[in-house]
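Q: Got a structure here, written out as structure tokens. Questions coming.
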Amino acid sequence: IRPQKEGNVCSRTLTHTHRHIIQYCYPTKIKSRTKFPDVMLVGDSGVGKTCLLVRFKDGAFLAGSFISTVGIDFRNKVMNIDRLKVKLQIWDTAGQERFRSVTHAYYRDANALLLLYDVTNRTSFDNIKAWLTEIHDYAQQDVVLMLLGNKADATQQRVVKREDGERLAKEFGVPYMETSAKSGLNVELSFTAVAKELKHRSMKEPNEPKFKLQDYVNKEMKSAGCAC
Ligand SMILES: Nc1nc2c(ncn2[C@@H]2O[C@H](COP(=O)(O)OP(=O)(O)OP(=O)(O)O)[C@@H](O)[C@H]2O)c(=O)[nH]1
């Protein structure tokens, strides 16, 4: 067995003859690159999960007829976070009730969840409590979670005030902001914020202060002059 180099991860495997032990070593850097953080989009059908992801990934808005997601879909996106390349694996789930068991199976692998409601749809907002219960039941205990009120561009159709979203988020201790897949408002910021939180958690130096997601998004929105 070759000596283990510092910074390497090694695993031992018995060969089929059981006479040799093979030790595989590979740098931790490679290992950490192979497990990309999983971000999952959840919320009622029609709140804009697919559109948010397409806006983030391709910078475009999917206008026109609404095609509901079937089961689950995913896309990768590489982001630059504090001069580090972070590859996010983003799971777009189906909001329809009939696919709920499919979604349940993916919760436990999610490192971060973006929970969406539609500011023009009261029911999608009222269902947030049920989604939070589901997240509590199926997701990892320390999952990074953020509540997003999407379709903020649709001012004429709005039925959920920003303050209602803020109040609900406060009640459950969850970071919150409004987004628009149509205009692009806060789309990049929502993914950057969760990616930063995940990066801080995995690479935190002992004396480094804790990353506060809500403070970060508030500061970013303020510096962008956003009245949202
Ligand atoms: N005005 C406006 N419309 C949006 C926005 N985001 C999505 N939509 C529209 O809302 C409808 C539903 O969007 P989707 O992204 O497909 O919704 P979804 O949450 O993925 O739905 P499921 O796949 O059924 O879970 C589409 O007609 C979109 O064009 C937005 O930010 N603003």
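Going by the structure tokens order, chains are called A, B, ..., each with residues numbered from 1, while ligands are numbered from 1 in the order shown.
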Just want the residues within 9 Å of ligand 1, written as a PyMOL selection string, counting only C-alpha atoms and all ligand atoms.

A: chain A and resi 41-54+61-72+92-96+116-118+120+150-155+157+179-185

Q: Please return as a count of residues only: the residues of stretch 54-184 of chain A that backbone DSSP assigns to strand (DSSP E or B).

A: 37

Q: Can I get the residues of stretch 135-171 of chain A within 12 Å of stretch 97-103 of chain A, each with the closest pair of atoms and their distance in Å to one decimal, using only C-alpha atoms, sorted chain first then ascending number, as a tab-separated table?

A:
residue	atom	partner	partner_atom	distance
A:Ile135	CA	A:Thr103	CA	10.6
A:Tyr138	CA	A:Thr103	CA	9.5
A:Ala139	CA	A:Thr103	CA	10.5

Q: Contacts of A:Asp38 at 6 Å or less, counting only C-alpha atoms, minus same-chain residues fewer than 6 places along, as a ChimeraX atom specification?

A: /A:89-90,110-111

Q: Please extract the residues of stretch 6-194 of chain A with a backbone DSSP assignment of alpha helix (DSSP H) and present them as a PyMOL selection string.

A: chain A and resi 28-34+49-58+100-107+122-126+128-138+162-172+187-194

Q: Using the selection just defined, write its residues with C-alpha atoms as a PDB file, in the first residue's frame.

A:
ATOM      1  CA  THR A  28      -9.472  15.950  -2.390  1.00  0.00           C
ATOM      2  CA  LYS A  29      -9.762  18.726  -4.984  1.00  0.00           C
ATOM      3  CA  ILE A  30     -10.903  16.219  -7.588  1.00  0.00           C
ATOM      4  CA  LYS A  31     -13.233  14.549  -5.142  1.00  0.00           C
ATOM      5  CA  SER A  32     -14.888  17.807  -4.144  1.00  0.00           C
ATOM      6  CA  ARG A  33     -15.373  18.657  -7.826  1.00  0.00           C
ATOM      7  CA  THR A  34     -17.255  15.445  -8.473  1.00  0.00           C
ATOM      8  CA  LYS A  49     -39.945  27.335 -11.456  1.00  0.00           C
ATOM      9  CA  THR A  50     -38.999  26.322 -15.010  1.00  0.00           C
ATOM     10  CA  CYS A  51     -39.003  29.940 -16.187  1.00  0.00           C
ATOM     11  CA  LEU A  52     -36.771  30.980 -13.284  1.00  0.00           C
ATOM     12  CA  LEU A  53     -34.296  28.247 -14.141  1.00  0.00           C
ATOM     13  CA  VAL A  54     -34.338  29.053 -17.871  1.00  0.00           C
ATOM     14  CA  ARG A  55     -33.836  32.754 -17.105  1.00  0.00           C
ATOM     15  CA  PHE A  56     -30.898  31.908 -14.854  1.00  0.00           C
ATOM     16  CA  LYS A  57     -29.329  29.384 -17.227  1.00  0.00           C
ATOM     17  CA  ASP A  58     -29.982  30.988 -20.620  1.00  0.00           C
ATOM     18  CA  ARG A 100     -45.233  14.600  -5.494  1.00  0.00           C
ATOM     19  CA  SER A 101     -43.836  11.119  -4.793  1.00  0.00           C
ATOM     20  CA  VAL A 102     -41.150  11.679  -7.470  1.00  0.00           C
ATOM     21  CA  THR A 103     -40.135  14.950  -5.830  1.00  0.00           C
ATOM     22  CA  HIS A 104     -40.011  13.368  -2.374  1.00  0.00           C
ATOM     23  CA  ALA A 105     -37.279  11.007  -3.533  1.00  0.00           C
ATOM     24  CA  TYR A 106     -35.016  13.925  -4.501  1.00  0.00           C
ATOM     25  CA  TYR A 107     -35.367  16.024  -1.342  1.00  0.00           C
ATOM     26  CA  ARG A 122     -53.103  33.585  -3.550  1.00  0.00           C
ATOM     27  CA  THR A 123     -53.440  29.798  -3.344  1.00  0.00           C
ATOM     28  CA  SER A 124     -49.781  29.295  -4.208  1.00  0.00           C
ATOM     29  CA  PHE A 125     -48.930  31.595  -1.283  1.00  0.00           C
ATOM     30  CA  ASP A 126     -51.362  29.887   1.101  1.00  0.00           C
ATOM     31  CA  ILE A 128     -46.326  27.644   1.353  1.00  0.00           C
ATOM     32  CA  LYS A 129     -46.984  26.343   4.884  1.00  0.00           C
ATOM     33  CA  ALA A 130     -47.766  22.898   3.460  1.00  0.00           C
ATOM     34  CA  TRP A 131     -44.561  23.047   1.391  1.00  0.00           C
ATOM     35  CA  LEU A 132     -42.579  23.933   4.509  1.00  0.00           C
ATOM     36  CA  THR A 133     -44.060  20.911   6.299  1.00  0.00           C
ATOM     37  CA  GLU A 134     -43.079  18.725   3.370  1.00  0.00           C
ATOM     38  CA  ILE A 135     -39.545  20.169   3.397  1.00  0.00           C
ATOM     39  CA  HIS A 136     -39.346  19.497   7.130  1.00  0.00           C
ATOM     40  CA  ASP A 137     -40.433  15.894   6.548  1.00  0.00           C
ATOM     41  CA  TYR A 138     -38.260  15.039   3.530  1.00  0.00           C
ATOM     42  CA  ARG A 162     -44.468  41.964  -0.530  1.00  0.00           C
ATOM     43  CA  GLU A 163     -45.086  42.553   3.189  1.00  0.00           C
ATOM     44  CA  ASP A 164     -47.168  39.333   3.364  1.00  0.00           C
ATOM     45  CA  GLY A 165     -44.247  37.397   1.944  1.00  0.00           C
ATOM     46  CA  GLU A 166     -41.847  39.095   4.348  1.00  0.00           C
ATOM     47  CA  ARG A 167     -44.102  38.318   7.313  1.00  0.00           C
ATOM     48  CA  LEU A 168     -44.453  34.650   6.410  1.00  0.00           C
ATOM     49  CA  ALA A 169     -40.703  34.308   5.844  1.00  0.00           C
ATOM     50  CA  LYS A 170     -39.998  35.940   9.207  1.00  0.00           C
ATOM     51  CA  GLU A 171     -42.481  33.653  10.948  1.00  0.00           C
ATOM     52  CA  PHE A 172     -40.590  30.615   9.663  1.00  0.00           C
ATOM     53  CA  VAL A 187     -32.938  35.779 -10.482  1.00  0.00           C
ATOM     54  CA  GLU A 188     -29.127  35.712 -10.563  1.00  0.00           C
ATOM     55  CA  LEU A 189     -29.059  37.013  -6.982  1.00  0.00           C
ATOM     56  CA  SER A 190     -31.225  34.189  -5.623  1.00  0.00           C
ATOM     57  CA  PHE A 191     -28.896  31.511  -7.026  1.00  0.00           C
ATOM     58  CA  THR A 192     -25.753  33.431  -6.094  1.00  0.00           C
ATOM     59  CA  ALA A 193     -27.000  33.791  -2.518  1.00  0.00           C
ATOM     60  CA  VAL A 194     -27.595  30.063  -2.021  1.00  0.00           C
TER      61      VAL A 194
END

Q: Residues near A:His200, anyone? I mean within 8 Å using only C-alpha atoms, not counting same-chain ones fewer than 3 positions away, as a VMD selection string.

A: chain A and resid 196 to 197 203 to 204 210 to 211

Q: In Å, how far is it from atom CA of A:Asn121 to atom CA of A:Val159?

A: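 Straight-line distance from atom CA of A:Asn121 to atom CA of A:Val159 works out to 6.6 Å.
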
Q: What does the structure give for the distance between atom CA of A:Arg158 and atom CA of A:Asp73, in Å to one decimal?

A: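 The value is 28.4 Å.
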
Q: So how many Å separate atom CA of A:Leu113 and atom CA of A:Lys161, to one decimal?

A: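 Going from atom CA of A:Leu113 over to atom CA of A:Lys161 covers 22.4 Å.
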
Q: Go through A:Ala60, A:Val39, A:Val160, A:Val144 one by one, measure the shortest atom-to-atom distance of each to A:Glu178 using only C-alpha atoms, and give the residue with the smallest value.

A: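 Ranked by minimum distance to A:Glu178, first place goes to A:Val160.
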
Q: Between A:Leu148, A:Leu213, A:Lys222, A:Met177, which has the minimum distance to A:Arg201 (counting only C-alpha atoms)?

A: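 Among the listed residues, A:Leu213 lies closest to A:Arg201.
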